[in-house]
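Trainee: Below you will find the structure I want to go over with you.
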Amino acid sequence: MQQSHNHDHDDGSHDHKAAPMVDEITDFEVLEIAVRELAIEKGLFTAEDHRNFTEWAESIGPAAGSRLVAKAWTDPAFKARLLADATQTCREIGVDWTEPTGSGTASDYMHLQVLEDTPTLHHVIVCTLCSCYPRPLLGHSPYWYRSPNYRRRLVRWPRQVLAEFGLILPPEVDVRVEDSNQKCRFMVLPVRPAGTENWTEEQLAEIVTRDCMIGVALPRPDRKADDVRPVHKANRPVPSEHHQAEAGE
Amino acid sequence: MSGESGQPPAAADGCQADLDLAPTPLLEAIRNEDKTWDKLAPRYGVTNPDPPWKVSLYATCECLAAGEALPSLERRRAEDQLGETLYSGTPAPEQQLLALAHIMLSRGLLSEKDLTRCMNAVRLRLEAS
């Protein structure tokens with residue numbers, strides 16, 4: 001996976017070579033996956049719980065892509081323009097692919113294609129060669145998107161890989177994997193979930209999380225990108241001056 | 001498993017009363033491997049200071065705490081103990097991973113047999129072509 005090819009990369013390097021990566025599966029990597037999967041197997045938590053915590057750890061607030069999806073859900077004319085020419089239509093929400101956006105920019109002009117999900121078709125994106133990702137819309141890619149595990153296996157066994165994220169699709173839903181190529185980026189336009197009727201664009205944008213636009217999760221009315229993380233009080237908290245002062249009040 | 005509502009109290013010196021500090025053959029074999037990220041990354045010209053699985057490991061710890069299978073404070077205490085003893089020569093992210101597996105084995109959340117089986121299955125899956 002260290003081939004040279006002619007496009008830019010998620011790490012921002014513009015030398016037209018794939019960023020180097022550790023192309024070796026170590027026992028540590030295998031142990032991490034095995035511990036997690038056994039915990040899931042034993043019902044200690046679910047794959048979706050794990051994906052949620054990972055997403056929390058890596059992203060804050062709705063991405064620019066979230067606004068794009070919310071607008072497409074509420075404005076049919078905008079959606080039609082978006083599906084016809086996504087690169088141009090991004091400018092309507094303030095994202096110009098030829099200019100820096102604060103969350104990444106393309107090194108050279110390229111083409112964005114928005115992939116519309118339907119009740120019977122689900123899209124998921126990948127870059128099998130390296131880590132190409134729609135950064136102006138989604139920010140930096142998550143660690144797993146850049147891993148050989150995801151890149152190699154998604155194109156071969158998409159349903160198995162999606163299930164590892166906690167997304168189990170029924171057999172009647174076709175899965176289509178889109179591989180980024182020389183000058184093309186993809187982003188998923190998920191199906192608007194039930195229970196969001198009469199919501200504003202701002203409300204809708206909050207539930208369109210990064211993983212929904214990659215295609216490894218589905219939006220839900222009760223799940224926001226910037227949800228407060230659950231806090232579980234320690235059973236036996238460490239005594240500190242601060243706690244003692246509070247207790248004495 | 002120990003824990004649940006009647007988790008044994010930590011020992012007076014802050015050590016986990018139920019933590020077995022004996023080496024585990026499976027984890028020892030992994031620990032002795034010359035494949036920690038600090039050694040591996042330079043061989044491939046990779047400059048990222050952390051292995052890609054580190055975020056996933058954190059998420060696993062968070063999930064275990066959220067589900068009350070392994071409270072964070074107990075895990076951290078046990079990690080400290082193991083980091084000062086059994087896994088003292090192993091760098092941080094790998095040390096935390098080994099410690100988590102060790103703690104889960106020690107508390108009966110995992111068995112060595114299951115872990116060996118699952119690791120074999122995972123490796124086969126990752127190496128499949």
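By convention here, the chains of the structure tokens are called A, B, ... in the order presented, each chain's residues are numbered starting at 1, and ligands are numbered starting at 1 in the order presented.
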Got a sec to pull out which chain A residues are within 10 Å of chain B, counting only C-alpha atoms, and send them as a PyMOL selection string?
Mentor: chain A and resi 2+19-40+42-47+49-58+142-150+152-153+156+230-238
Trainee: Need the shell around segment 76-93 of chain A: protein/DNA/RNA residues with any atom at most 12 Å away, counting only C-alpha atoms. Skip same-chain ones fewer than 5 positions apart. Format as a PyMOL selection string?
Mentor: chain A and resi 63-71+98-99+101+106+109-117+134+136-137+183-189
Trainee: With N, CA and C atoms retained, write the just-selected residues as a tab-separated table (two decimals), in the first residue's frame.
Mentor:
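Written out: part.tsv:
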chain	number	residue	atom	x	y	z
A	63	ALA	N	-20.42	18.73	11.30
A	63	ALA	CA	-19.46	19.10	10.26
A	63	ALA	C	-20.18	19.90	9.18
A	64	ALA	N	-19.38	20.51	8.28
A	64	ALA	CA	-19.99	21.25	7.17
A	64	ALA	C	-20.90	20.32	6.36
A	65	GLY	N	-20.48	19.08	6.23
A	65	GLY	CA	-21.28	18.11	5.49
A	65	GLY	C	-22.66	17.89	6.12
A	66	SER	N	-22.75	18.06	7.44
A	66	SER	CA	-24.04	17.90	8.13
A	66	SER	C	-25.04	18.94	7.64
A	67	ARG	N	-24.54	20.17	7.44
A	67	ARG	CA	-25.43	21.24	6.94
A	67	ARG	C	-25.87	20.94	5.51
A	68	LEU	N	-24.93	20.37	4.75
A	68	LEU	CA	-25.24	20.01	3.36
A	68	LEU	C	-26.38	18.98	3.32
A	69	VAL	N	-26.28	17.98	4.15
A	69	VAL	CA	-27.30	16.92	4.19
A	69	VAL	C	-28.64	17.49	4.67
A	70	ALA	N	-28.59	18.29	5.73
A	70	ALA	CA	-29.83	18.85	6.29
A	70	ALA	C	-30.55	19.71	5.25
A	71	LYS	N	-29.77	20.48	4.50
A	71	LYS	CA	-30.39	21.34	3.48
A	71	LYS	C	-30.99	20.48	2.36
A	98	THR	N	-11.94	24.93	-3.73
A	98	THR	CA	-10.66	25.46	-4.19
A	98	THR	C	-10.03	26.38	-3.14
A	99	GLU	N	-10.73	26.59	-2.02
A	99	GLU	CA	-10.22	27.50	-0.99
A	99	GLU	C	-10.14	26.76	0.35
A	101	THR	N	-10.88	25.81	4.10
A	101	THR	CA	-12.14	25.91	4.82
A	101	THR	C	-11.94	25.86	6.33
A	106	ALA	N	-8.60	20.82	-0.69
A	106	ALA	CA	-7.96	19.98	-1.72
A	106	ALA	C	-6.70	20.66	-2.22
A	109	TYR	N	-7.92	21.21	-7.81
A	109	TYR	CA	-9.35	21.14	-8.03
A	109	TYR	C	-9.77	19.69	-8.22
A	110	MET	N	-10.88	19.33	-7.65
A	110	MET	CA	-11.35	17.96	-7.83
A	110	MET	C	-12.86	17.91	-7.83
A	111	HIS	N	-13.34	16.72	-8.03
A	111	HIS	CA	-14.76	16.51	-8.23
A	111	HIS	C	-15.35	15.83	-7.00
A	112	LEU	N	-16.45	16.38	-6.51
A	112	LEU	CA	-17.16	15.74	-5.40
A	112	LEU	C	-18.45	15.14	-5.92
A	113	GLN	N	-18.72	13.94	-5.50
A	113	GLN	CA	-19.98	13.30	-5.87
A	113	GLN	C	-20.71	12.90	-4.60
A	114	VAL	N	-21.97	13.33	-4.49
A	114	VAL	CA	-22.79	12.96	-3.32
A	114	VAL	C	-23.62	11.74	-3.69
A	115	LEU	N	-23.55	10.74	-2.83
A	115	LEU	CA	-24.19	9.45	-3.09
A	115	LEU	C	-25.49	9.37	-2.30
A	116	GLU	N	-26.60	9.33	-2.99
A	116	GLU	CA	-27.89	9.35	-2.31
A	116	GLU	C	-28.33	7.94	-1.92
A	117	ASP	N	-28.52	7.73	-0.63
A	117	ASP	CA	-29.09	6.47	-0.15
A	117	ASP	C	-30.59	6.45	-0.40
A	134	PRO	N	-13.33	13.41	1.98
A	134	PRO	CA	-13.85	14.75	1.68
A	134	PRO	C	-13.63	15.73	2.83
A	136	PRO	N	-12.90	18.98	3.20
A	136	PRO	CA	-13.59	20.26	3.34
A	136	PRO	C	-14.98	20.11	3.97
A	137	LEU	N	-15.57	18.95	3.85
A	137	LEU	CA	-16.91	18.73	4.41
A	137	LEU	C	-16.89	17.99	5.74
A	183	LYS	N	-9.19	11.98	-8.83
A	183	LYS	CA	-9.59	13.34	-8.47
A	183	LYS	C	-11.05	13.39	-8.04
A	184	CYS	N	-11.49	12.35	-7.40
A	184	CYS	CA	-12.90	12.32	-7.02
A	184	CYS	C	-13.05	11.97	-5.54
A	185	ARG	N	-13.87	12.75	-4.85
A	185	ARG	CA	-14.23	12.46	-3.47
A	185	ARG	C	-15.72	12.14	-3.42
A	186	PHE	N	-16.08	11.34	-2.43
A	186	PHE	CA	-17.49	10.97	-2.27
A	186	PHE	C	-17.97	11.33	-0.87
A	187	MET	N	-19.28	11.53	-0.74
A	187	MET	CA	-19.92	11.70	0.56
A	187	MET	C	-21.32	11.11	0.48
A	188	VAL	N	-21.76	10.49	1.55
A	188	VAL	CA	-23.06	9.81	1.54
A	188	VAL	C	-24.16	10.78	1.99
A	189	LEU	N	-25.24	10.78	1.25
A	189	LEU	CA	-26.47	11.50	1.66
A	189	LEU	C	-27.42	10.44	2.20
Trainee: Between atom CA of Arg159 of chain A and atom CA of Pro193 of chain A, what is the distance, to one decimal in Å?
Mentor: 20.8 Å
Trainee: Quick one: pick out all strand (DSSP E) residues within segment 103-161 of chain A from a backbone DSSP run and write them as an MDAnalysis selection string.
Mentor: chainID A and resid 111:116 121:126
